[in-house]
>>> print(open('final.cif').read())   # mmCIF, C-alpha atoms
data_run
loop_
_atom_site.label_atom_id
_atom_site.label_comp_id
_atom_site.auth_asym_id
_atom_site.auth_seq_id
_atom_site.Cartn_x
_atom_site.Cartn_y
_atom_site.Cartn_z
CA MET A 1 -29.26 -0.42 -11.99
CA ARG A 2 -25.61 0.17 -12.89
CA ILE A 3 -23.29 -1.69 -10.59
CA LEU A 4 -19.54 -1.42 -10.18
CA ALA A 5 -17.53 -4.21 -8.57
CA ILE A 6 -14.54 -2.72 -6.78
CA ILE A 7 -11.67 -5.20 -6.53
CA PRO A 8 -8.78 -3.98 -4.36
CA ALA A 9 -5.69 -6.07 -5.11
CA TYR A 10 -2.42 -6.09 -3.22
CA ASN A 11 0.03 -8.73 -4.43
CA GLU A 12 -2.63 -10.97 -5.94
CA GLU A 13 -0.77 -12.16 -9.05
CA ASP A 14 -1.90 -15.76 -8.43
CA CYS A 15 -5.60 -15.14 -8.70
CA ILE A 16 -6.49 -11.68 -9.97
CA GLU A 17 -6.98 -12.78 -13.57
CA GLN A 18 -9.12 -15.78 -12.63
CA THR A 19 -11.20 -13.63 -10.26
CA VAL A 20 -11.95 -11.08 -12.97
CA ARG A 21 -12.64 -13.77 -15.57
CA SER A 22 -15.21 -15.54 -13.40
CA LEU A 23 -16.80 -12.19 -12.48
CA VAL A 24 -17.18 -11.20 -16.13
CA ALA A 25 -18.46 -14.67 -17.04
CA ALA A 26 -21.05 -14.74 -14.25
CA CYS A 27 -22.16 -11.09 -14.45
CA PRO A 28 -21.62 -9.68 -17.95
CA ASN A 29 -23.77 -6.63 -17.14
CA ILE A 30 -21.71 -5.59 -14.15
CA ASP A 31 -18.67 -3.34 -14.57
CA TYR A 32 -15.60 -3.88 -12.49
CA LEU A 33 -12.49 -1.96 -11.54
CA VAL A 34 -9.34 -3.56 -10.17
CA ILE A 35 -7.41 -1.26 -7.86
CA ASN A 36 -3.82 -2.40 -7.86
CA ASP A 37 -2.65 -1.05 -4.51
CA GLY A 38 1.04 -0.55 -5.27
CA SER A 39 1.66 -4.30 -5.51
CA SER A 40 5.31 -5.38 -5.52
CA ASP A 41 4.57 -8.54 -7.51
CA ASN A 42 3.21 -8.92 -11.05
CA THR A 43 -0.37 -7.85 -10.30
CA GLY A 44 0.06 -4.59 -12.24
CA ALA A 45 1.74 -6.30 -15.20
CA ILE A 46 -1.04 -8.91 -15.39
CA CYS A 47 -3.69 -6.16 -15.34
CA ARG A 48 -1.96 -4.42 -18.26
CA LYS A 49 -1.22 -7.52 -20.32
CA LYS A 50 -4.64 -9.09 -19.93
CA HIS A 51 -6.38 -5.73 -20.44
CA LEU A 52 -8.24 -5.85 -17.16
CA ARG A 53 -9.96 -2.54 -16.34
CA HIS A 54 -7.75 -1.25 -13.58
CA VAL A 55 -6.07 1.68 -11.87
CA SER A 56 -2.65 1.34 -10.29
CA LEU A 57 -1.80 3.30 -7.17
CA PRO A 58 1.89 4.30 -7.39
CA VAL A 59 2.49 3.48 -3.71
CA ASN A 60 0.88 0.96 -1.38
CA SER A 61 -1.87 2.85 0.42
CA GLY A 62 -3.90 0.22 2.26
CA LEU A 63 -7.35 -1.27 1.76
CA THR A 64 -9.24 1.85 2.89
CA ALA A 65 -7.53 4.17 0.39
CA ALA A 66 -7.72 1.58 -2.39
CA PHE A 67 -11.43 1.10 -1.79
CA GLN A 68 -11.96 4.86 -1.68
CA THR A 69 -10.32 5.10 -5.11
CA GLY A 70 -12.98 2.70 -6.39
CA MET A 71 -15.75 4.72 -4.73
CA LYS A 72 -14.46 7.92 -6.35
CA TYR A 73 -14.50 6.15 -9.72
CA ALA A 74 -18.06 4.96 -9.06
CA GLU A 75 -19.11 8.48 -8.07
CA ARG A 76 -17.55 10.10 -11.15
CA HIS A 77 -19.15 7.60 -13.49
CA GLY A 78 -22.58 7.74 -11.90
CA TYR A 79 -22.96 4.15 -10.70
CA ASP A 80 -26.07 3.30 -8.67
CA ALA A 81 -24.31 0.78 -6.47
CA ALA A 82 -20.82 -0.45 -5.74
CA VAL A 83 -19.89 -3.86 -4.45
CA GLN A 84 -16.74 -4.62 -2.52
CA PHE A 85 -15.23 -7.75 -4.05
CA ASP A 86 -12.11 -9.66 -2.97
CA ALA A 87 -9.35 -10.25 -5.50
CA ASP A 88 -8.36 -13.59 -3.98
CA GLY A 89 -11.32 -15.54 -5.31
CA GLN A 90 -13.18 -15.96 -2.00
CA HIS A 91 -16.27 -14.19 -3.25
CA LEU A 92 -18.62 -15.76 -5.77
CA PRO A 93 -19.90 -13.27 -8.37
CA GLU A 94 -23.15 -15.27 -8.78
CA TYR A 95 -24.46 -13.58 -5.64
CA ILE A 96 -24.08 -10.00 -6.88
CA PRO A 97 -27.43 -9.96 -8.77
CA ALA A 98 -29.18 -11.31 -5.66
CA MET A 99 -27.60 -8.52 -3.61
CA ALA A 100 -28.78 -5.92 -6.12
CA GLN A 101 -32.28 -7.46 -6.06
CA LYS A 102 -32.32 -7.29 -2.26
CA MET A 103 -31.14 -3.67 -2.34
CA LYS A 104 -34.03 -2.76 -4.63
CA GLU A 105 -36.69 -4.75 -2.75
CA ASP A 106 -35.70 -3.62 0.74
CA LYS A 107 -34.65 -0.11 -0.31
CA ALA A 108 -31.48 -0.99 1.57
CA ASN A 109 -28.42 1.25 1.72
CA ILE A 110 -26.12 -1.67 2.39
CA VAL A 111 -26.47 -5.33 1.45
CA ILE A 112 -24.09 -7.82 3.04
CA ALA A 113 -23.40 -11.27 1.60
CA SER A 114 -23.76 -13.40 4.71
CA ARG A 115 -21.97 -16.72 5.10
CA ILE A 116 -23.93 -17.42 8.27
CA LEU A 117 -27.32 -17.13 6.53
CA ALA A 118 -26.03 -19.65 3.97
CA GLY A 119 -25.47 -22.09 6.81
CA GLU A 120 -21.72 -21.74 6.98
CA LYS A 121 -19.94 -21.82 10.32
CA LEU A 122 -16.87 -19.66 10.87
CA ALA A 123 -14.04 -21.45 12.63
CA GLY A 124 -11.59 -20.55 15.40
CA SER A 125 -10.55 -16.99 16.19
CA ARG A 126 -12.43 -15.61 13.19
CA ALA A 127 -15.69 -16.90 14.66
CA VAL A 128 -14.94 -15.33 18.04
CA GLY A 129 -14.05 -11.99 16.47
CA SER A 130 -17.10 -12.00 14.24
CA LYS A 131 -19.46 -12.88 17.11
CA LEU A 132 -17.95 -10.16 19.31
CA ILE A 133 -18.34 -7.54 16.59
CA ALA A 134 -21.92 -8.65 15.88
CA ALA A 135 -22.72 -8.34 19.60
CA LEU A 136 -21.21 -4.85 19.78
CA ILE A 137 -23.23 -3.74 16.75
CA ARG A 138 -26.40 -5.17 18.31
CA LEU A 139 -25.61 -3.30 21.51
CA THR A 140 -24.88 0.11 19.98
CA SER A 141 -27.03 0.13 16.85
CA ARG A 142 -29.91 -2.22 17.75
CA THR A 143 -29.36 -3.94 14.43
CA HIS A 144 -28.87 -7.64 13.98
CA ILE A 145 -26.15 -8.46 11.48
CA SER A 146 -25.31 -12.13 11.15
CA ASP A 147 -22.00 -11.73 9.31
CA PRO A 148 -20.45 -8.30 9.96
CA THR A 149 -16.96 -9.37 8.88
CA SER A 150 -18.05 -10.56 5.46
CA GLY A 151 -15.94 -8.66 2.96
CA MET A 152 -18.60 -8.73 0.26
CA ARG A 153 -20.85 -5.72 0.69
CA MET A 154 -22.92 -3.63 -1.66
CA PHE A 155 -23.34 0.11 -1.07
CA ASP A 156 -25.93 2.40 -2.64
CA ARG A 157 -25.40 5.82 -4.24
CA LYS A 158 -25.66 7.68 -0.96
CA LEU A 159 -22.85 5.65 0.57
CA ILE A 160 -20.74 5.85 -2.59
CA HIS A 161 -20.71 9.64 -2.10
CA ARG A 162 -20.04 9.23 1.58
CA TYR A 163 -17.05 6.93 1.03
CA ALA A 164 -15.70 9.04 -1.82
CA ARG A 165 -15.41 12.06 0.46
CA SER A 166 -14.61 10.45 3.79
CA PHE A 167 -11.62 11.26 5.97
CA ASP A 168 -11.66 8.03 7.93
CA LEU A 169 -14.24 5.53 6.72
CA ALA A 170 -12.98 1.99 6.20
CA PRO A 171 -14.90 -0.69 4.30
CA GLU A 172 -15.08 -2.55 7.63
CA PRO A 173 -17.70 -3.58 10.21
CA ASP A 174 -17.35 -0.39 12.28
CA ALA A 175 -18.64 1.65 9.33
CA ILE A 176 -21.62 -0.71 9.06
CA ALA A 177 -22.33 -0.11 12.75
CA LEU A 178 -22.11 3.65 12.23
CA PHE A 179 -24.45 3.58 9.22
CA ALA A 180 -26.93 1.36 11.06
CA ARG A 181 -26.96 3.71 14.03
CA GLU A 182 -27.58 6.64 11.71
CA GLY A 183 -30.73 4.86 10.55
CA MET A 184 -29.52 3.48 7.23
CA ARG A 185 -31.03 0.18 6.16
CA VAL A 186 -28.76 -2.83 6.31
CA ALA A 187 -29.92 -6.03 4.60
CA GLU A 188 -28.29 -9.42 4.20
CA VAL A 189 -28.51 -12.18 1.63
CA PRO A 190 -27.25 -15.73 2.12
CA ALA A 191 -24.04 -16.37 0.19
CA LYS A 192 -21.48 -19.12 0.17
CA MET A 193 -17.82 -18.23 -0.01
CA LEU A 194 -14.71 -20.15 -0.97
CA ASP A 195 -11.36 -20.32 0.77
CA ARG A 196 -8.85 -17.89 -0.65
CA GLN A 197 -7.53 -19.20 -3.96
CA GLY A 198 -3.95 -17.97 -3.62
CA GLY A 199 -1.73 -15.37 -1.97
CA VAL A 200 -1.65 -14.72 1.77
CA SER A 201 -4.10 -12.96 4.09
CA TYR A 202 -3.08 -9.52 5.26
CA LEU A 203 -4.26 -10.42 8.76
CA GLY A 204 -1.40 -11.87 10.78
CA PHE A 205 -1.43 -12.13 14.57
CA THR A 206 -0.46 -8.56 15.52
CA SER A 207 -2.52 -7.02 12.76
CA SER A 208 -5.49 -9.14 13.89
CA ILE A 209 -5.14 -7.73 17.39
CA ARG A 210 -4.83 -4.20 15.98
CA TYR A 211 -7.85 -4.81 13.75
CA MET A 212 -9.98 -6.00 16.68
CA LEU A 213 -8.86 -3.12 18.92
CA ARG A 214 -9.60 -0.56 16.23
CA THR A 215 -12.97 -2.11 15.38
CA CYS A 216 -14.09 -2.47 18.99
CA PHE A 217 -13.00 1.04 20.01
CA SER A 218 -14.58 2.46 16.90
CA ILE A 219 -17.94 0.79 17.52
CA LEU A 220 -18.02 1.29 21.28
CA LEU A 221 -16.48 4.73 21.63
CA PHE A 222 -15.70 6.78 18.55
CA GLN A 223 -19.00 6.12 16.82
CA TRP A 224 -20.63 8.67 19.11
CA PHE A 225 -18.34 11.50 18.00
CA ARG A 226 -18.33 10.94 14.26
CA MET B 1 2.37 7.54 45.28
CA SER B 2 0.83 10.73 46.62
CA LEU B 3 -2.87 11.50 46.47
CA THR B 4 -2.06 14.59 44.41
CA LEU B 5 -0.32 12.49 41.76
CA ARG B 6 -3.25 10.07 41.69
CA ILE B 7 -5.78 12.87 41.22
CA ALA B 8 -3.58 14.48 38.55
CA LEU B 9 -3.38 11.15 36.72
CA ILE B 10 -7.13 10.62 36.86
CA VAL B 11 -7.93 14.16 35.68
CA GLY B 12 -5.15 14.01 33.07
CA SER B 13 -6.31 10.74 31.55
CA LEU B 14 -9.93 11.90 31.43
CA ILE B 15 -8.87 15.11 29.67
CA ALA B 16 -6.77 13.00 27.28
CA VAL B 17 -9.82 10.92 26.33
CA VAL B 18 -11.84 14.09 25.69
CA ILE B 19 -9.06 15.57 23.52
CA VAL B 20 -8.74 12.36 21.49
CA ALA B 21 -12.52 12.18 21.03
CA ARG B 22 -12.56 15.80 19.82
CA GLY B 23 -9.72 15.00 17.43
CA VAL B 24 -11.71 12.14 15.94
CA ARG B 25 -14.85 14.27 15.65
CA LYS B 26 -13.03 17.15 13.94
CA GLU B 27 -11.23 14.75 11.61
CA HIS B 28 -7.79 15.61 12.95
CA ILE B 29 -6.86 12.00 13.70
CA ARG B 30 -7.87 8.64 12.32
CA ILE B 31 -9.40 6.02 14.57
CA SER B 32 -6.57 3.57 13.94
CA GLU B 33 -4.10 6.19 15.27
CA SER B 34 -6.20 7.19 18.23
CA VAL B 35 -6.34 3.65 19.65
CA PHE B 36 -2.83 4.14 21.11
CA TRP B 37 -3.81 7.33 22.93
CA ILE B 38 -6.98 5.82 24.37
CA LEU B 39 -5.11 2.73 25.58
CA SER B 40 -2.41 4.92 27.20
CA ALA B 41 -5.01 7.05 28.92
CA LEU B 42 -6.74 3.91 30.22
CA LEU B 43 -3.40 2.57 31.49
CA LEU B 44 -2.72 5.76 33.46
CA LEU B 45 -6.27 5.70 34.81
CA LEU B 46 -5.75 2.11 35.91
CA LEU B 47 -2.51 3.05 37.71
CA ALA B 48 -4.22 5.99 39.42
CA VAL B 49 -7.27 4.05 40.56
CA PHE B 50 -5.32 0.97 41.66
CA PRO B 51 -1.99 2.30 42.99
CA GLN B 52 -1.30 -1.23 44.31
CA ILE B 53 -0.22 -2.13 40.77
CA ALA B 54 2.43 0.60 40.81
CA PHE B 55 3.51 -0.42 44.33
CA TRP B 56 3.85 -4.05 43.35
CA CYS B 57 5.73 -3.35 40.10
CA SER B 58 8.10 -0.82 41.69
CA SER B 59 9.05 -3.18 44.50
CA MET B 60 9.53 -6.03 42.02
CA LEU B 61 11.78 -3.89 39.79
CA GLY B 62 13.56 -2.14 42.67
CA PHE B 63 12.31 1.43 42.18
CA LEU B 64 12.71 3.83 45.10
CA SER B 65 9.13 5.01 44.82
CA PRO B 66 5.98 3.93 42.96
CA SER B 67 5.67 7.38 41.40
CA ASN B 68 9.03 6.80 39.72
CA PHE B 69 7.56 3.65 38.21
CA VAL B 70 4.66 5.67 36.83
CA PHE B 71 7.03 8.24 35.33
CA VAL B 72 9.18 5.54 33.74
CA THR B 73 6.05 3.93 32.30
CA VAL B 74 5.02 7.22 30.73
CA ILE B 75 8.51 7.88 29.35
CA PHE B 76 8.64 4.38 27.92
CA LEU B 77 5.25 4.81 26.22
CA LEU B 78 6.34 8.14 24.75
CA LEU B 79 9.61 6.70 23.43
CA VAL B 80 7.77 3.82 21.78
CA LYS B 81 5.29 6.24 20.22
CA LEU B 82 8.06 8.59 19.12
CA PHE B 83 9.91 5.77 17.38
CA GLY B 84 6.69 4.70 15.71
CA LEU B 85 6.14 8.25 14.50
CA SER B 86 9.71 8.39 13.18
CA CYS B 87 9.01 5.24 11.18
CA ASP B 88 5.76 6.72 9.89
CA VAL B 89 7.50 9.93 8.81
CA SER B 90 10.15 7.91 6.93
CA ARG B 91 7.50 5.86 5.16
CA LEU B 92 5.46 8.94 4.34
CA SER B 93 8.40 10.88 2.91
CA TYR B 94 9.31 7.83 0.81
CA LYS B 95 5.75 7.72 -0.50
CA VAL B 96 5.71 11.45 -1.26
CA ASP B 97 9.00 11.07 -3.17
CA GLN B 98 7.55 8.20 -5.19
CA LEU B 99 4.38 10.14 -5.95
CA THR B 100 6.29 13.26 -7.00
CA GLN B 101 8.54 11.28 -9.33
CA GLU B 102 5.63 9.31 -10.72
CA GLN B 103 3.69 12.51 -11.41
CA ALA B 104 6.65 14.24 -13.08
CA LEU B 105 7.50 11.23 -15.27
CA GLU B 106 3.83 10.85 -16.23
CA THR B 107 3.67 14.49 -17.34
CA ARG B 108 6.88 14.07 -19.37
CA GLN B 109 5.46 10.95 -21.01
CA LYS B 110 2.26 12.79 -21.97
CA LYS B 111 4.31 15.67 -23.45
CA ASP B 112 6.47 13.21 -25.40
CA GLY B 113 3.30 11.63 -26.74
CA THR B 114 1.77 14.91 -27.97
CA ALA B 115 5.16 16.15 -29.26
CA ALA B 116 5.64 12.98 -31.31
CA ALA B 117 2.10 13.30 -32.69
CA SER B 118 2.63 16.90 -33.81
CA GLY B 119 6.14 16.23 -35.15
CA MET B 120 7.89 18.45 -32.58
CA THR B 121 11.20 17.30 -31.15
CA SER B 122 13.16 18.47 -28.11
CA LEU B 123 16.43 20.41 -28.28
CA LYS B 124 19.15 17.99 -29.39
#
>>> encode(input="final.cif", output="structure tokens")
Amino acid sequence: MRILAIIPAYNEEDCIEQTVRSLVAACPNIDYLVINDGSSDNTGAICRKKHLRHVSLPVNSGLTAAFQTGMKYAERHGYDAAVQFDADGQHLPEYIPAMAQKMKEDKANIVIASRILAGEKLAGSRAVGSKLIAALIRLTSRTHISDPTSGMRMFDRKLIHRYARSFDLAPEPDAIALFAREGMRVAEVPAKMLDRQGGVSYLGFTSSIRYMLRTCFSILLFQWFR
Amino acid sequence: MSLTLRIALIVGSLIAVVIVARGVRKEHIRISESVFWILSALLLLLLAVFPQIAFWCSSMLGFLSPSNFVFVTVIFLLLVKLFGLSCDVSRLSYKVDQLTQEQALETRQKKDGTAAASGMTSLK
């Protein structure tokens, strides 16, 4: 099984090198691609100097477009699965083989690395948001997903094609809800995660509200028209 | 607020929801963009179903009639959206400029590379 780790990076000069190094060390058989999303800091320069496998988008295009770039790369190079992997060092590469194993065993289309299954408790507003999204997915798709907001997800070939061609498919929980409702198999494996190792989260207060509105509307309403 | 206006608002906001849903289905609009239109439609629906809100707000703000308050609300929403769109257009044209330049410079660089390899030089 050929796996590509897609690492979208926007202004991640503090941790991108370390993230890639630990990924390569833990999973030497897994390819990776850093997508430098028009960073204004030294992310691009670090990728060049340290010879990280990367593409640089000339303008900042957002997580969805950056991730789609990775999916197009995966499609063109015939990968069997692609895993969404954070540049900030939150995700532990040790869990990728377990996710691949689960994908094979369960014939799953999506495998999510779940913090909840690993016994972790989300705190504060993140916990509320995550629980709300999980409830909405249960309601509309009859699928139980313990950690829908986990950013570490593995997609199979079918979904690589789907993402590569999509008009409006974000690597976010509402897409998981859509896939689940369409009858795709969603599996989860327990996985611990770290706190971000540098840089700042792109989710401030207003963008959190916007994120929740978009996600909730998408799951509750727009899913039925897509 | 007349009954006619209320009915028009209800019908209008329902039609708006249908149009937005069709737009999403036909891939004319992204979900993140359509949230604004759905919220606006819901706001108008709310004002039509509970005109007391419009009555209360218009008396608080000193409007002559609640329907004026509804109109002002709509105009305000449109202005906010229009400004947002203006910002989007500026950002988009900046990005297109950057992409065009990037593409042109990249092509030049490739030509320079092959020209140097084959010993050809440009007009001096």
>>> resolve_selection(input="final.cif", expression="the PyMOL selection byres ((chain A) within 7 of (chain B))", output="short mmCIF file (atom, residue, chain, number, x, y, z; two decimals) with C-alpha atoms, keeping the file's coordinate frame")
data_model
loop_
_atom_site.label_atom_id
_atom_site.label_comp_id
_atom_site.auth_asym_id
_atom_site.auth_seq_id
_atom_site.Cartn_x
_atom_site.Cartn_y
_atom_site.Cartn_z
CA PRO A 58 1.89 4.30 -7.39
CA VAL A 59 2.49 3.48 -3.71
CA PHE A 167 -11.62 11.26 5.97
CA ASP A 168 -11.66 8.03 7.93
CA ARG A 214 -9.60 -0.56 16.23
CA SER A 218 -14.58 2.46 16.90
CA PHE A 222 -15.70 6.78 18.55
CA PHE A 225 -18.34 11.50 18.00
CA ARG A 226 -18.33 10.94 14.26
#
>>> atom_distance(input="final.cif", atom1="CA of Gln223 (chain A)", atom2="CA of Val74 (chain B)")
27.8 Å
>>> resolve_selection(input="final.cif", expression="the PyMOL selection byres ((chain A and resi 30) around 8)", output="compact mmCIF listing (two decimals) with C-alpha atoms, keeping the file's coordinate frame")
# COMPACT_ATOMS: atom_id res chain seq x y z
CA ARG A 2 -25.61 0.17 -12.89
CA ILE A 3 -23.29 -1.69 -10.59
CA LEU A 4 -19.54 -1.42 -10.18
CA ALA A 5 -17.53 -4.21 -8.57
CA VAL A 24 -17.18 -11.20 -16.13
CA CYS A 27 -22.16 -11.09 -14.45
CA PRO A 28 -21.62 -9.68 -17.95
CA ASN A 29 -23.77 -6.63 -17.14
CA ASP A 31 -18.67 -3.34 -14.57
CA TYR A 32 -15.60 -3.88 -12.49
>>> atom_distance(input="final.cif", atom1="CA of Thr215 (chain A)", atom2="CA of Ile35 (chain A)")
23.9 Å
>>> atom_distance(input="final.cif", atom1="CA of Asn42 (chain A)", atom2="CA of Lys192 (chain A)")
29.0 Å
>>> residues_around(input="final.cif", residues="region 111-127 of chain A", least_positions_apart="4", cutoff="10 Å", atoms="all atoms listed in the file", output="compact mmCIF listing (two decimals) with C-alpha atoms, keeping the file's coordinate frame")
# COMPACT_ATOMS: atom_id res chain seq x y z
CA VAL A 83 -19.89 -3.86 -4.45
CA GLN A 84 -16.74 -4.62 -2.52
CA HIS A 91 -16.27 -14.19 -3.25
CA LEU A 92 -18.62 -15.76 -5.77
CA TYR A 95 -24.46 -13.58 -5.64
CA ILE A 96 -24.08 -10.00 -6.88
CA ALA A 98 -29.18 -11.31 -5.66
CA MET A 99 -27.60 -8.52 -3.61
CA ALA A 100 -28.78 -5.92 -6.12
CA GLN A 101 -32.28 -7.46 -6.06
CA LYS A 102 -32.32 -7.29 -2.26
CA MET A 103 -31.14 -3.67 -2.34
CA ASP A 106 -35.70 -3.62 0.74
CA LYS A 107 -34.65 -0.11 -0.31
CA LYS A 131 -19.46 -12.88 17.11
CA LEU A 132 -17.95 -10.16 19.31
CA ILE A 133 -18.34 -7.54 16.59
CA ILE A 145 -26.15 -8.46 11.48
CA SER A 146 -25.31 -12.13 11.15
CA ASP A 147 -22.00 -11.73 9.31
CA PRO A 148 -20.45 -8.30 9.96
CA THR A 149 -16.96 -9.37 8.88
CA SER A 150 -18.05 -10.56 5.46
CA GLY A 151 -15.94 -8.66 2.96
CA MET A 152 -18.60 -8.73 0.26
CA ARG A 153 -20.85 -5.72 0.69
CA MET A 154 -22.92 -3.63 -1.66
CA PHE A 155 -23.34 0.11 -1.07
CA ASP A 156 -25.93 2.40 -2.64
CA ILE A 176 -21.62 -0.71 9.06
CA ARG A 185 -31.03 0.18 6.16
CA VAL A 186 -28.76 -2.83 6.31
CA ALA A 187 -29.92 -6.03 4.60
CA GLU A 188 -28.29 -9.42 4.20
CA VAL A 189 -28.51 -12.18 1.63
CA PRO A 190 -27.25 -15.73 2.12
CA ALA A 191 -24.04 -16.37 0.19
CA LYS A 192 -21.48 -19.12 0.17
CA MET A 193 -17.82 -18.23 -0.01
CA SER A 208 -5.49 -9.14 13.89
>>> residues_around(input="final.cif", residues="Val55 (chain A)", least_positions_apart="5", cutoff="8 Å", atoms="all atoms listed in the file", output="MDAnalysis selection string")
chainID A and resid 33:36
>>> write_last_selection(input="final.cif", atoms="C-alpha atoms", output="PDB file, in the frame of the given file")
ATOM      1  CA  LEU A  33     -12.490  -1.960 -11.540  1.00  0.00           C
ATOM      2  CA  VAL A  34      -9.340  -3.560 -10.170  1.00  0.00           C
ATOM      3  CA  ILE A  35      -7.410  -1.260  -7.860  1.00  0.00           C
ATOM      4  CA  ASN A  36      -3.820  -2.400  -7.860  1.00  0.00           C
TER       5      ASN A  36
END
>>> closest_residue(input="final.cif", among="A:Glu75, A:Glu182, A:Asp174, A:Glu12", to="Met212 (chain A)", atoms="all atoms listed in the file")
A:Asp174
>>> residues_around(input="final.cif", residues="Pro51 (chain B)", least_positions_apart="6", cutoff="9 Å", atoms="all atoms listed in the file", output="JSON, numbers by chain")
{"B": [1, 6, 66]}
>>> closest_residue(input="final.cif", among="A:Arg53, A:Arg48, A:His144, A:Arg157", to="Met71 (chain A)", atoms="all atoms listed in the file")
A:Arg157
>>> closest_residue(input="final.cif", among="A:Thr143, A:Ile110, A:Pro171, A:Ala135", to="Ile6 (chain A)", atoms="only C-alpha atoms")
A:Pro171
>>> axis_aligned_box(input="final.cif", around="region 7-25 of chain B", padding_each_side="3 Å", output="AutoDock Vina command-line options")
--center_x -9.1 --center_y 13.2 --center_z 28.4 --size_x 17.5 --size_y 11.2 --size_z 31.6
>>> residues_near_point(input="final.cif", point="(-12.4, 11.7, 1.7)", cutoff="12 Å", atoms="all atoms listed in the file", output="list in words")
Thr64, Ala65, Ala66, Phe67, Gln68, Thr69, Met71, Lys72, Ile160, His161, Arg162, Tyr163, Ala164, Arg165, Ser166, Phe167, Asp168, Leu169 and Ala170 of chain A; Glu27 and Arg30 of chain B
>>> write_last_selection(input="final.cif", atoms="C-alpha atoms", output="PDB file, keeping the file's coordinate frame")
ATOM      1  CA  THR A  64      -9.240   1.850   2.890  1.00  0.00           C
ATOM      2  CA  ALA A  65      -7.530   4.170   0.390  1.00  0.00           C
ATOM      3  CA  ALA A  66      -7.720   1.580  -2.390  1.00  0.00           C
ATOM      4  CA  PHE A  67     -11.430   1.100  -1.790  1.00  0.00           C
ATOM      5  CA  GLN A  68     -11.960   4.860  -1.680  1.00  0.00           C
ATOM      6  CA  THR A  69     -10.320   5.100  -5.110  1.00  0.00           C
ATOM      7  CA  MET A  71     -15.750   4.720  -4.730  1.00  0.00           C
ATOM      8  CA  LYS A  72     -14.460   7.920  -6.350  1.00  0.00           C
ATOM      9  CA  ILE A 160     -20.740   5.850  -2.590  1.00  0.00           C
ATOM     10  CA  HIS A 161     -20.710   9.640  -2.100  1.00  0.00           C
ATOM     11  CA  ARG A 162     -20.040   9.230   1.580  1.00  0.00           C
ATOM     12  CA  TYR A 163     -17.050   6.930   1.030  1.00  0.00           C
ATOM     13  CA  ALA A 164     -15.700   9.040  -1.820  1.00  0.00           C
ATOM     14  CA  ARG A 165     -15.410  12.060   0.460  1.00  0.00           C
ATOM     15  CA  SER A 166     -14.610  10.450   3.790  1.00  0.00           C
ATOM     16  CA  PHE A 167     -11.620  11.260   5.970  1.00  0.00           C
ATOM     17  CA  ASP A 168     -11.660   8.030   7.930  1.00  0.00           C
ATOM     18  CA  LEU A 169     -14.240   5.530   6.720  1.00  0.00           C
ATOM     19  CA  ALA A 170     -12.980   1.990   6.200  1.00  0.00           C
TER      20      ALA A 170
ATOM     21  CA  GLU B  27     -11.230  14.750  11.610  1.00  0.00           C
ATOM     22  CA  ARG B  30      -7.870   8.640  12.320  1.00  0.00           C
TER      23      ARG B  30
END
>>> decode(input="final.cif", residues="region 38-69 of chain A", atoms="C-alpha atoms", output="short mmCIF file (atom, residue, chain, number, x, y, z; two decimals), in the first residue's frame")
data_model
loop_
_atom_site.label_atom_id
_atom_site.label_comp_id
_atom_site.auth_asym_id
_atom_site.auth_seq_id
_atom_site.Cartn_x
_atom_site.Cartn_y
_atom_site.Cartn_z
CA GLY A 38 1.99 30.97 0.06
CA SER A 39 3.63 31.44 3.46
CA SER A 40 4.97 34.92 4.20
CA ASP A 41 7.63 33.60 6.58
CA ASN A 42 10.60 31.32 5.89
CA THR A 43 8.61 28.10 5.39
CA GLY A 44 9.39 28.04 1.65
CA ALA A 45 13.08 28.81 2.16
CA ILE A 46 13.39 26.04 4.77
CA CYS A 47 11.73 23.56 2.40
CA ARG A 48 14.24 24.45 -0.33
CA LYS A 49 17.34 24.54 1.86
CA LYS A 50 16.61 21.33 3.72
CA HIS A 51 15.48 19.58 0.53
CA LEU A 52 12.06 18.69 1.85
CA ARG A 53 9.76 17.33 -0.87
CA HIS A 54 7.41 20.23 -1.35
CA VAL A 55 5.32 22.37 -3.67
CA SER A 56 4.91 26.09 -3.10
CA LEU A 57 1.67 27.80 -3.98
CA PRO A 58 2.51 31.30 -5.27
CA VAL A 59 -0.39 32.88 -3.34
CA ASN A 60 -2.08 31.92 -0.08
CA SER A 61 -5.06 29.80 -1.07
CA GLY A 62 -6.38 28.31 2.16
CA LEU A 63 -6.35 24.83 3.66
CA THR A 64 -8.91 23.38 1.24
CA ALA A 65 -6.98 24.38 -1.89
CA ALA A 66 -3.65 23.38 -0.35
CA PHE A 67 -5.01 19.97 0.58
CA GLN A 68 -6.52 19.57 -2.89
CA THR A 69 -3.05 20.21 -4.36
#
